[in-house]
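This is model.cif (mmCIF, C-alpha atoms).
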```cif
data_my_file
loop_
_atom_site.label_atom_id
_atom_site.label_comp_id
_atom_site.auth_asym_id
_atom_site.auth_seq_id
_atom_site.Cartn_x
_atom_site.Cartn_y
_atom_site.Cartn_z
CA MET X 1 9.72 12.82 -3.31
CA THR X 2 8.82 14.23 0.13
CA ALA X 3 5.48 15.07 1.74
CA GLU X 4 5.99 18.74 0.85
CA THR X 5 6.00 18.21 -2.92
CA ARG X 6 3.68 15.29 -3.75
CA ASN X 7 0.19 15.64 -5.21
CA GLY X 8 -2.96 13.75 -4.23
CA ASP X 9 -2.31 10.58 -6.23
CA GLU X 10 1.29 10.49 -5.04
CA GLN X 11 0.07 10.86 -1.44
CA VAL X 12 -2.16 7.82 -1.91
CA ALA X 13 0.74 5.83 -3.36
CA ALA X 14 2.97 6.94 -0.47
CA ILE X 15 0.45 5.69 2.11
CA ALA X 16 0.13 2.42 0.19
CA ASP X 17 3.91 1.96 0.12
CA LEU X 18 4.14 2.63 3.85
CA ALA X 19 1.25 0.27 4.63
CA MET X 20 2.81 -2.60 2.70
CA ALA X 21 6.24 -1.96 4.26
CA LEU X 22 4.72 -2.03 7.74
CA LEU X 23 2.75 -5.18 7.14
CA ASP X 24 5.82 -6.81 5.58
CA GLY X 25 7.88 -5.93 8.67
CA ILE X 26 5.59 -7.30 11.38
CA GLY X 27 7.25 -10.14 13.26
CA ARG X 28 10.73 -9.56 11.85
CA LEU X 29 13.92 -8.82 13.72
CA ASP X 30 14.53 -5.65 11.71
CA PHE X 31 10.98 -4.29 12.22
CA GLN X 32 12.18 -0.91 13.57
CA GLU X 33 14.68 -0.44 10.74
CA ARG X 34 11.99 -1.21 8.18
CA ILE X 35 9.73 1.45 9.75
CA MET X 36 12.44 4.09 9.52
CA ASN X 37 13.45 3.16 5.98
CA ALA X 38 9.81 3.34 4.88
CA LEU X 39 9.31 6.74 6.53
CA LYS X 40 12.55 8.07 5.02
CA GLN X 41 11.09 7.45 1.57
CA GLN X 42 8.28 9.88 2.41
CA ILE X 43 9.76 12.51 4.77
CA ALA X 44 13.21 14.10 4.78
CA PHE X 45 15.00 13.82 8.13
CA ASP X 46 18.60 13.64 9.33
CA ALA X 47 18.33 11.47 12.42
CA SER X 48 15.87 9.05 13.96
CA LEU X 49 15.25 7.05 17.08
CA VAL X 50 12.77 4.38 18.07
CA LEU X 51 12.34 4.26 21.84
CA LEU X 52 10.37 2.14 24.27
CA TYR X 53 9.30 4.15 27.32
CA ARG X 54 8.34 2.29 30.50
CA ARG X 55 7.12 4.05 33.57
CA GLY X 56 9.68 4.09 36.36
CA ILE X 57 12.71 2.89 34.36
CA ALA X 58 15.05 4.32 31.74
CA PRO X 59 13.91 4.15 28.10
CA LYS X 60 15.16 1.41 25.83
CA ILE X 61 16.48 2.36 22.40
CA LEU X 62 15.19 -0.05 19.76
CA PHE X 63 16.69 1.79 16.78
CA ASN X 64 19.19 4.62 16.53
CA ASP X 65 20.84 6.48 13.68
CA TRP X 66 21.00 9.71 15.70
CA ARG X 67 24.53 10.99 15.07
CA THR X 68 24.81 13.94 17.45
CA ASP X 69 27.57 16.53 17.72
CA ARG X 70 28.73 14.75 20.87
CA GLY X 71 28.38 11.27 19.45
CA LEU X 72 27.15 8.38 21.57
CA SER X 73 27.84 10.23 24.82
CA ASN X 74 24.84 12.43 24.08
CA ILE X 75 22.54 9.39 23.83
CA GLN X 76 24.06 7.89 26.99
CA GLN X 77 23.39 11.10 28.89
CA TYR X 78 19.79 10.99 27.69
CA LEU X 79 19.32 7.44 29.00
CA GLN X 80 21.02 8.28 32.30
CA GLY X 81 18.40 10.86 33.22
CA TYR X 82 17.81 13.67 30.75
CA TYR X 83 14.89 11.72 29.28
CA ARG X 84 12.85 12.83 32.31
CA LEU X 85 13.04 16.41 31.01
CA ASP X 86 12.21 15.46 27.41
CA PRO X 87 8.88 17.16 26.54
CA PHE X 88 7.89 14.14 24.43
CA TYR X 89 8.54 11.72 27.31
CA ARG X 90 6.54 13.92 29.67
CA LEU X 91 3.75 14.28 27.15
CA THR X 92 3.21 10.57 26.65
CA LEU X 93 3.96 9.16 30.14
CA GLU X 94 2.94 12.01 32.44
CA GLU X 95 0.04 13.39 30.40
CA ASP X 96 -0.84 10.12 28.62
CA ILE X 97 -1.13 11.81 25.21
CA ASP X 98 -0.39 9.91 21.99
CA GLY X 99 -0.28 11.04 18.36
CA VAL X 100 1.99 13.19 16.20
CA HIS X 101 3.73 16.16 17.83
CA GLN X 102 6.31 18.67 16.63
CA LEU X 103 8.88 20.03 19.05
CA SER X 104 8.72 23.61 17.72
CA GLN X 105 4.94 23.64 18.27
CA LEU X 106 4.94 21.70 21.51
CA ASP X 107 7.00 24.03 23.67
CA SER X 108 7.41 27.70 22.69
CA GLY X 109 9.90 28.20 25.53
CA PHE X 110 11.96 25.15 24.68
CA GLY X 111 15.11 27.19 23.94
CA ASP X 112 15.09 28.54 27.50
CA SER X 113 14.49 25.18 29.18
CA ASP X 114 17.07 23.31 31.29
CA TYR X 115 16.67 20.37 28.92
CA TYR X 116 17.73 22.51 25.97
CA ARG X 117 20.58 24.33 27.72
CA GLU X 118 22.07 21.26 29.35
CA PHE X 119 21.41 18.62 26.72
CA TYR X 120 19.51 19.28 23.49
CA GLN X 121 21.60 22.16 22.12
CA TYR X 122 24.54 19.75 21.84
CA SER X 123 22.62 17.34 19.66
CA GLY X 124 22.98 19.49 16.55
CA MET X 125 19.25 19.13 15.88
CA GLN X 126 16.89 22.07 15.55
CA ASP X 127 13.47 20.45 15.08
CA GLU X 128 11.93 17.09 15.91
CA ILE X 129 8.70 15.18 15.36
CA ASN X 130 7.57 12.30 17.58
CA VAL X 131 4.88 9.73 16.86
CA LEU X 132 3.77 8.46 20.28
CA VAL X 133 1.94 5.13 20.61
CA SER X 134 0.61 3.48 23.78
CA LEU X 135 1.17 -0.25 24.11
CA ASP X 136 -0.44 -0.21 27.56
CA ALA X 137 -0.91 2.29 30.40
CA ASP X 138 2.76 2.14 31.42
CA THR X 139 4.48 1.34 28.12
CA LYS X 140 4.85 3.75 25.23
CA PHE X 141 6.49 3.50 21.83
CA ALA X 142 8.04 6.63 20.31
CA ILE X 143 9.25 7.24 16.76
CA SER X 144 11.50 10.31 16.67
CA LEU X 145 12.46 12.10 13.44
CA ALA X 146 14.80 15.09 13.61
CA ARG X 147 16.41 17.70 11.36
CA ARG X 148 19.79 19.31 11.84
CA ASN X 149 20.40 23.01 12.28
CA ALA X 150 21.41 23.47 8.62
CA ARG X 151 18.02 22.27 7.37
CA PRO X 152 14.63 24.05 7.67
CA GLY X 153 12.22 22.71 10.26
CA PHE X 154 9.41 20.31 9.48
CA LYS X 155 6.44 21.75 7.57
CA SER X 156 2.70 21.21 7.72
CA PRO X 157 2.69 18.56 4.93
CA ASP X 158 5.15 16.45 6.95
CA LEU X 159 2.83 16.52 9.95
CA ALA X 160 -0.22 15.90 7.77
CA PHE X 161 1.36 12.83 6.19
CA LEU X 162 2.36 11.38 9.56
CA ARG X 163 -1.11 12.00 10.98
CA THR X 164 -2.64 10.22 8.01
CA ALA X 165 -0.17 7.36 8.45
CA THR X 166 -0.48 7.10 12.24
CA PRO X 167 -3.39 4.60 12.31
CA LEU X 168 -1.29 2.28 10.14
CA LEU X 169 1.78 2.77 12.33
CA VAL X 170 -0.23 2.14 15.50
CA LYS X 171 -1.77 -1.10 14.24
CA ALA X 172 1.55 -2.45 12.97
CA ILE X 173 3.45 -1.50 16.14
CA VAL X 174 0.86 -2.88 18.53
CA ARG X 175 0.51 -6.08 16.51
CA HIS X 176 4.29 -6.60 16.37
CA TYR X 177 5.02 -5.99 20.04
CA ARG X 178 1.96 -7.59 21.61
CA ASP X 179 1.33 -10.66 19.52
CA LEU X 180 4.33 -11.72 17.47
CA ARG X 181 7.86 -12.96 17.97
CA PRO X 182 10.53 -12.19 15.37
CA GLY X 183 11.13 -15.05 12.96
CA GLY X 184 13.91 -16.12 10.62
CA GLN X 185 14.37 -16.14 6.86
CA GLU X 186 11.96 -18.98 6.34
CA GLY X 187 9.31 -17.02 8.21
CA GLU X 188 10.01 -13.99 6.00
CA ALA X 189 9.32 -15.98 2.84
CA LEU X 190 6.08 -17.30 4.30
CA LEU X 191 5.05 -13.80 5.31
CA GLN X 192 5.71 -12.46 1.81
CA SER X 193 3.56 -15.20 0.32
CA ALA X 194 0.79 -14.69 2.88
CA LEU X 195 0.80 -10.94 2.22
CA ALA X 196 0.44 -11.38 -1.53
CA GLN X 197 -2.37 -13.90 -0.96
CA ALA X 198 -4.12 -11.52 1.45
CA VAL X 199 -4.13 -8.73 -1.13
CA ARG X 200 -5.61 -11.08 -3.74
CA ASN X 201 -8.32 -12.33 -1.38
CA PHE X 202 -9.18 -9.10 0.40
CA GLY X 203 -12.87 -8.23 0.11
CA ARG X 204 -13.94 -11.06 -2.18
CA SER X 205 -16.62 -12.17 0.30
CA VAL X 206 -18.43 -8.81 0.14
CA LEU X 207 -17.33 -7.12 -3.09
CA THR X 208 -18.02 -7.78 -6.76
CA ASN X 209 -15.23 -9.11 -8.97
CA ARG X 210 -14.61 -5.67 -10.46
CA GLU X 211 -14.63 -4.01 -7.06
CA CYS X 212 -12.08 -6.61 -5.89
CA GLN X 213 -9.84 -5.74 -8.84
CA VAL X 214 -10.11 -2.05 -7.99
CA VAL X 215 -9.42 -2.52 -4.28
CA GLN X 216 -6.39 -4.72 -4.99
CA LEU X 217 -4.89 -2.03 -7.20
CA ILE X 218 -5.65 0.66 -4.61
CA LEU X 219 -3.84 -1.41 -1.98
CA ARG X 220 -0.86 -1.62 -4.32
CA GLY X 221 -0.76 2.17 -4.50
CA HIS X 222 -2.22 2.85 -7.96
CA SER X 223 -4.12 6.04 -8.72
CA ALA X 224 -7.57 6.11 -10.32
CA LYS X 225 -5.99 6.96 -13.68
CA GLU X 226 -3.55 4.04 -13.45
CA ILE X 227 -6.31 1.65 -12.38
CA ALA X 228 -8.42 2.73 -15.34
CA ALA X 229 -5.53 2.05 -17.73
CA LYS X 230 -4.85 -1.38 -16.24
CA LEU X 231 -8.50 -2.46 -16.30
CA GLY X 232 -9.40 -0.81 -19.62
CA ILE X 233 -12.19 1.31 -18.15
CA ALA X 234 -12.78 5.04 -17.69
CA PRO X 235 -11.41 6.85 -14.62
CA THR X 236 -14.97 7.92 -13.78
CA THR X 237 -15.95 4.24 -13.68
CA VAL X 238 -13.04 3.52 -11.35
CA LYS X 239 -14.23 6.30 -9.05
CA LEU X 240 -17.75 4.85 -9.10
CA HIS X 241 -16.44 1.40 -8.13
CA ARG X 242 -14.29 3.00 -5.45
CA ARG X 243 -17.26 4.88 -4.01
CA ASN X 244 -19.34 1.69 -3.96
CA LEU X 245 -16.68 -0.44 -2.31
CA TYR X 246 -15.96 2.27 0.25
CA ALA X 247 -19.65 2.20 1.17
CA LYS X 248 -19.67 -1.60 1.47
CA LEU X 249 -16.54 -1.62 3.62
CA ASP X 250 -17.64 1.42 5.68
CA VAL X 251 -14.48 3.41 4.96
CA THR X 252 -14.15 6.98 3.76
CA SER X 253 -10.60 7.30 2.44
CA GLN X 254 -7.56 5.42 1.20
CA ALA X 255 -6.00 5.76 4.64
CA THR X 256 -8.97 4.13 6.41
CA LEU X 257 -9.05 1.43 3.72
CA PHE X 258 -5.38 0.61 4.40
CA SER X 259 -6.09 0.63 8.12
CA LEU X 260 -8.95 -1.84 7.62
CA PHE X 261 -6.74 -4.04 5.43
CA LEU X 262 -3.93 -4.06 7.98
CA ASP X 263 -6.33 -4.79 10.84
CA ALA X 264 -8.04 -7.60 8.94
CA VAL X 265 -4.80 -9.24 7.80
CA CYS X 266 -3.21 -9.03 11.24
CA SER X 267 -6.18 -10.87 12.76
CA ALA X 268 -6.65 -13.41 9.94
CA GLU X 269 -6.50 -17.08 10.86
CA ASN X 270 -5.06 -18.19 7.50
CA ALA X 271 -3.87 -16.76 4.21
CA PHE X 272 -6.29 -18.61 1.93
CA ASP X 273 -9.62 -16.99 2.82
CA ASP X 274 -10.76 -13.41 2.56
CA PRO X 275 -9.12 -11.82 5.65
CA LEU X 276 -12.02 -9.38 5.78
CA ALA X 277 -14.67 -12.09 6.23
CA GLY X 278 -13.45 -13.33 9.59
CA TYR X 279 -12.64 -9.82 10.74
CA LEU X 280 -16.15 -8.51 9.98
CA THR X 281 -17.72 -11.54 11.65
CA ARG X 282 -15.70 -10.99 14.81
CA ARG X 283 -16.40 -7.27 14.76
CA ALA X 284 -20.14 -7.84 14.30
CA LYS X 285 -20.17 -10.32 17.18
CA LEU X 286 -18.26 -7.91 19.40
CA THR X 287 -20.60 -5.06 18.48
CA GLY X 288 -23.62 -7.25 19.16
CA ASP X 289 -22.20 -8.34 22.49
CA MET X 290 -21.58 -4.74 23.45
CA LEU X 291 -25.09 -3.68 22.43
CA HIS X 292 -26.64 -6.44 24.50
CA ALA X 293 -24.33 -6.00 27.47
#
```
Could I get this structure in the form of structure tokens?
Amino acid sequence: MTAETRNGDEQVAAIADLAMALLDGIGRLDFQERIMNALKQQIAFDASLVLLYRRGIAPKILFNDWRTDRGLSNIQQYLQGYYRLDPFYRLTLEEDIDGVHQLSQLDSGFGDSDYYREFYQYSGMQDEINVLVSLDADTKFAISLARRNARPGFKSPDLAFLRTATPLLVKAIVRHYRDLRPGGQEGEALLQSALAQAVRNFGRSVLTNRECQVVQLILRGHSAKEIAAKLGIAPTTVKLHRRNLYAKLDVTSQATLFSLFLDAVCSAENAFDDPLAGYLTRRAKLTGDMLHA
């Protein structure tokens, strides 16, 4: 099911699935492939790239399933210089703008540009979305999703889903590339175990037992109706617990809850305590330091 057809509960589940896939991929050799596979479950696209832009040098392709009409020669031409004309490259490195951007909305005169006439028209693609993420002032990470000429362009729900998911993508990408080194199979098993433990422990230092049960099920992508069935309570009671735990955690939506979870787990010192406890302590100390600075 794509972003254009899902309802509210399915949107929540989709964000949950993406969040868990991202967290599961941090530190692994196939991190980029896991990102694209997770996104492909939520948005229909025909080709994708993950690029690392660095000021002053050619981009590096970290992942590529972009099968153009000219094959690999099209990608090679891009790396040899056409990237400088790419509106997404110019947006993020020259204008220092991050976020989610659609090609058809970014440049109304794109079809008349040198970049289109000399390069892009031979790609076979007719619309593209980029998620642009800054790693530092001179290093940018770009996720490119494209659709071929035979398919309609991306719609508003596709953009809306990516914008909702962007905070999760940013945290996972920055964590992976700044702090971690890819590990082997043994590391993957440890990460799986640590992730499951983190979900079980998340919030137990500040939430009631019932609120912990609810938040764990939310993090696993269950709707209010499904949570009610699993816990044997009314959906209205689930919504009450959800409202209370949102207030305690200072979040306003499932997306911000997942973002908080990802941030807390990525900064946790071990897998056996509530990852939120240490995170909130560090955040409170930082806030206090800033207020007294």
Problem set entry | CA of Met125 in chain X to CA of Val100 in chain X, distance in Å rounded to a single decimal |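 Going from CA of Met125 in chain X over to CA of Val100 in chain X, I get 18.3 Å.
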Exercise. How would you write, as an NGL selection string, the residues chosen by the PyMOL selection byres ((chain X and resi 260-264) around 8) on this structure?
Worked result: :X and (19 or 23 or 168 or 171-172 or 202 or 256-259 or 265-268 or 275-276 or 278-279)
Generate a file of the selected residues that holds C-alpha atoms, formatted as a PDB file, in the coordinates of the input.
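Just written: again.pdb:
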```pdb
ATOM      1  CA  ALA X  19       1.250   0.270   4.630  1.00  0.00           C
ATOM      2  CA  LEU X  23       2.750  -5.180   7.140  1.00  0.00           C
ATOM      3  CA  LEU X 168      -1.290   2.280  10.140  1.00  0.00           C
ATOM      4  CA  LYS X 171      -1.770  -1.100  14.240  1.00  0.00           C
ATOM      5  CA  ALA X 172       1.550  -2.450  12.970  1.00  0.00           C
ATOM      6  CA  PHE X 202      -9.180  -9.100   0.400  1.00  0.00           C
ATOM      7  CA  THR X 256      -8.970   4.130   6.410  1.00  0.00           C
ATOM      8  CA  LEU X 257      -9.050   1.430   3.720  1.00  0.00           C
ATOM      9  CA  PHE X 258      -5.380   0.610   4.400  1.00  0.00           C
ATOM     10  CA  SER X 259      -6.090   0.630   8.120  1.00  0.00           C
ATOM     11  CA  VAL X 265      -4.800  -9.240   7.800  1.00  0.00           C
ATOM     12  CA  CYS X 266      -3.210  -9.030  11.240  1.00  0.00           C
ATOM     13  CA  SER X 267      -6.180 -10.870  12.760  1.00  0.00           C
ATOM     14  CA  ALA X 268      -6.650 -13.410   9.940  1.00  0.00           C
ATOM     15  CA  PRO X 275      -9.120 -11.820   5.650  1.00  0.00           C
ATOM     16  CA  LEU X 276     -12.020  -9.380   5.780  1.00  0.00           C
ATOM     17  CA  GLY X 278     -13.450 -13.330   9.590  1.00  0.00           C
ATOM     18  CA  TYR X 279     -12.640  -9.820  10.740  1.00  0.00           C
TER      19      TYR X 279
END
```
Seminar exercise, completed: Students should find that CA of Ile75 in chain X and CA of Gln126 in chain X are spaced 16.2 Å
For this session: Return the single residue from X:Val174, X:Leu249, X:Ile15, X:Ala255 that is closest to Arg204 in chain X, with distances computed using only C-alpha atoms.
Result: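 Of all the options, X:Leu249 lies closest to Arg204 in chain X.
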Problem set entry | Closest of X:Thr164, X:Gln121, X:Asn130, X:Gln213 to Val238 in chain X - atom-to-atom distances counting all atoms listed in the file |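 Looking at the shortest contact to Val238 in chain X, the residue is X:Gln213.
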Problem set entry | Best match for closeness to Val12 in chain X among X:Arg147, X:His222, X:Arg90, X:His241, counting all atoms listed in the file | X:His222
Exercise. How many Å separate CA of His101 in chain X from CA of Val131 in chain X?
Worked result: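 Separation between CA of His101 in chain X and CA of Val131 in chain X: 6.6 Å.
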Problem set entry | Nearest-residue call for Tyr53 in chain X, choices X:Leu145, X:Leu159, X:Leu169, X:Leu132, using all atoms listed in the file |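 When distances to Tyr53 in chain X are compared using all atoms listed in the file, the smallest one comes from X:Leu132.
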Problem set entry | Nearest-residue call for Gly124 in chain X, choices X:Asp274, X:Glu94, X:Asp24, X:Asp46, using all atoms listed in the file |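 Ranking X:Asp274, X:Glu94, X:Asp24, X:Asp46 by distance to Gly124 in chain X, first place goes to X:Asp46.
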For this session: Return as a list in words the set of residues that the PyMOL selection byres ((chain X and resi 38) around 12) yields on the displayed structure.
Result: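 After applying the PyMOL selection byres ((chain X and resi 38) around 12), what remains is Thr2, Ala14, Ile15, Ala16, Asp17, Leu18, Ala19, Met20, Ala21, Leu22, Leu23, Asp24, Gly25, Phe31, Gln32, Glu33, Arg34, Ile35, Met36, Asn37, Leu39, Lys40, Gln41, Gln42, Ile43, Ala44, Leu162, Ala165 and Leu169 of chain X.
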For this session: Report the residues retrieved by the PyMOL selection byres ((chain X and resi 103-117) around 8) from the displayed file, expressed as a PyMOL selection string.
Result: chain X and resi 82+85-87+101-102+118-121+127-130
Problem set entry | Exercise: range 137-143 of chain X partners within 9 Å, only C-alpha atoms, chain neighbours under 6 positions left out, as a PyMOL selection string | chain X and resi 36+48-56+88-89+92-93+96+98+129-131+173
File dump, residues just selected, C-alpha atoms, as a compact mmCIF listing (two decimals), keeping the file's coordinate frame:
```txt
# COMPACT_ATOMS: atom_id res chain seq x y z
CA MET X 36 12.44 4.09 9.52
CA SER X 48 15.87 9.05 13.96
CA LEU X 49 15.25 7.05 17.08
CA VAL X 50 12.77 4.38 18.07
CA LEU X 51 12.34 4.26 21.84
CA LEU X 52 10.37 2.14 24.27
CA TYR X 53 9.30 4.15 27.32
CA ARG X 54 8.34 2.29 30.50
CA ARG X 55 7.12 4.05 33.57
CA GLY X 56 9.68 4.09 36.36
CA PHE X 88 7.89 14.14 24.43
CA TYR X 89 8.54 11.72 27.31
CA THR X 92 3.21 10.57 26.65
CA LEU X 93 3.96 9.16 30.14
CA ASP X 96 -0.84 10.12 28.62
CA ASP X 98 -0.39 9.91 21.99
CA ILE X 129 8.70 15.18 15.36
CA ASN X 130 7.57 12.30 17.58
CA VAL X 131 4.88 9.73 16.86
CA ILE X 173 3.45 -1.50 16.14
```
Problem set entry | Given all atoms listed in the file as the counted atoms, nearest of X:Pro167, X:Gly81, X:Pro59, X:Pro152 to Gly99 in chain X | X:Pro167
Problem set entry | Local residues around (-16.3, 2.1, -2.7), at most 12 Å away, using all atoms listed in the file, as a VMD selection string | chain X and resid 203 206 to 208 210 to 215 218 237 to 254 256 to 257
Keeping C-alpha atoms, export the residues of the selection given above as a short mmCIF file (atom, residue, chain, number, x, y, z; two decimals), in the coordinates of the input.
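In the end it all went to result-v2.cif:
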```cif
data_model
loop_
_atom_site.label_atom_id
_atom_site.label_comp_id
_atom_site.auth_asym_id
_atom_site.auth_seq_id
_atom_site.Cartn_x
_atom_site.Cartn_y
_atom_site.Cartn_z
CA GLY X 203 -12.87 -8.23 0.11
CA VAL X 206 -18.43 -8.81 0.14
CA LEU X 207 -17.33 -7.12 -3.09
CA THR X 208 -18.02 -7.78 -6.76
CA ARG X 210 -14.61 -5.67 -10.46
CA GLU X 211 -14.63 -4.01 -7.06
CA CYS X 212 -12.08 -6.61 -5.89
CA GLN X 213 -9.84 -5.74 -8.84
CA VAL X 214 -10.11 -2.05 -7.99
CA VAL X 215 -9.42 -2.52 -4.28
CA ILE X 218 -5.65 0.66 -4.61
CA THR X 237 -15.95 4.24 -13.68
CA VAL X 238 -13.04 3.52 -11.35
CA LYS X 239 -14.23 6.30 -9.05
CA LEU X 240 -17.75 4.85 -9.10
CA HIS X 241 -16.44 1.40 -8.13
CA ARG X 242 -14.29 3.00 -5.45
CA ARG X 243 -17.26 4.88 -4.01
CA ASN X 244 -19.34 1.69 -3.96
CA LEU X 245 -16.68 -0.44 -2.31
CA TYR X 246 -15.96 2.27 0.25
CA ALA X 247 -19.65 2.20 1.17
CA LYS X 248 -19.67 -1.60 1.47
CA LEU X 249 -16.54 -1.62 3.62
CA ASP X 250 -17.64 1.42 5.68
CA VAL X 251 -14.48 3.41 4.96
CA THR X 252 -14.15 6.98 3.76
CA SER X 253 -10.60 7.30 2.44
CA GLN X 254 -7.56 5.42 1.20
CA THR X 256 -8.97 4.13 6.41
CA LEU X 257 -9.05 1.43 3.72
#
```
Hey, could you patch up range 242-257 of chain X with N, CA, C and O atoms and hand it over as a compact mmCIF listing (two decimals), in the frame of the given file?
```
# COMPACT_ATOMS: atom_id res chain seq x y z
N ARG X 242 -14.94 2.66 -6.72
CA ARG X 242 -14.29 3.00 -5.45
C ARG X 242 -15.31 3.51 -4.44
O ARG X 242 -15.28 3.13 -3.27
N ARG X 243 -16.22 4.37 -4.91
CA ARG X 243 -17.26 4.88 -4.01
C ARG X 243 -18.14 3.74 -3.49
O ARG X 243 -18.49 3.70 -2.30
N ASN X 244 -18.49 2.80 -4.37
CA ASN X 244 -19.34 1.69 -3.96
C ASN X 244 -18.64 0.77 -2.96
O ASN X 244 -19.23 0.33 -1.97
N LEU X 245 -17.37 0.47 -3.22
CA LEU X 245 -16.68 -0.44 -2.31
C LEU X 245 -16.38 0.23 -0.98
O LEU X 245 -16.37 -0.42 0.08
N TYR X 246 -16.13 1.54 -1.00
CA TYR X 246 -15.96 2.27 0.25
C TYR X 246 -17.22 2.15 1.11
O TYR X 246 -17.15 1.95 2.33
N ALA X 247 -18.38 2.29 0.44
CA ALA X 247 -19.65 2.20 1.17
C ALA X 247 -19.84 0.80 1.76
O ALA X 247 -20.27 0.64 2.91
N LYS X 248 -19.52 -0.23 0.98
CA LYS X 248 -19.67 -1.60 1.47
C LYS X 248 -18.73 -1.91 2.64
O LYS X 248 -19.08 -2.66 3.55
N LEU X 249 -17.53 -1.35 2.59
CA LEU X 249 -16.54 -1.62 3.62
C LEU X 249 -16.60 -0.61 4.77
O LEU X 249 -15.85 -0.73 5.73
N ASP X 250 -17.46 0.39 4.64
CA ASP X 250 -17.64 1.42 5.68
C ASP X 250 -16.34 2.17 5.95
O ASP X 250 -15.93 2.36 7.09
N VAL X 251 -15.67 2.57 4.86
CA VAL X 251 -14.48 3.41 4.96
C VAL X 251 -14.71 4.68 4.15
O VAL X 251 -15.59 4.72 3.29
N THR X 252 -13.94 5.69 4.42
CA THR X 252 -14.15 6.98 3.76
C THR X 252 -12.94 7.51 3.02
O THR X 252 -13.03 8.55 2.37
N SER X 253 -11.82 6.81 3.08
CA SER X 253 -10.60 7.30 2.44
C SER X 253 -9.64 6.16 2.21
O SER X 253 -9.82 5.05 2.74
N GLN X 254 -8.59 6.43 1.41
CA GLN X 254 -7.56 5.42 1.20
C GLN X 254 -6.89 5.04 2.51
O GLN X 254 -6.58 3.87 2.75
N ALA X 255 -6.67 6.03 3.37
CA ALA X 255 -6.00 5.76 4.64
C ALA X 255 -6.82 4.80 5.51
O ALA X 255 -6.28 3.88 6.11
N THR X 256 -8.14 5.03 5.59
CA THR X 256 -8.97 4.13 6.41
C THR X 256 -9.11 2.76 5.74
O THR X 256 -9.27 1.75 6.42
N LEU X 257 -9.04 2.72 4.41
CA LEU X 257 -9.05 1.43 3.72
C LEU X 257 -7.79 0.64 4.08
O LEU X 257 -7.86 -0.56 4.39
```
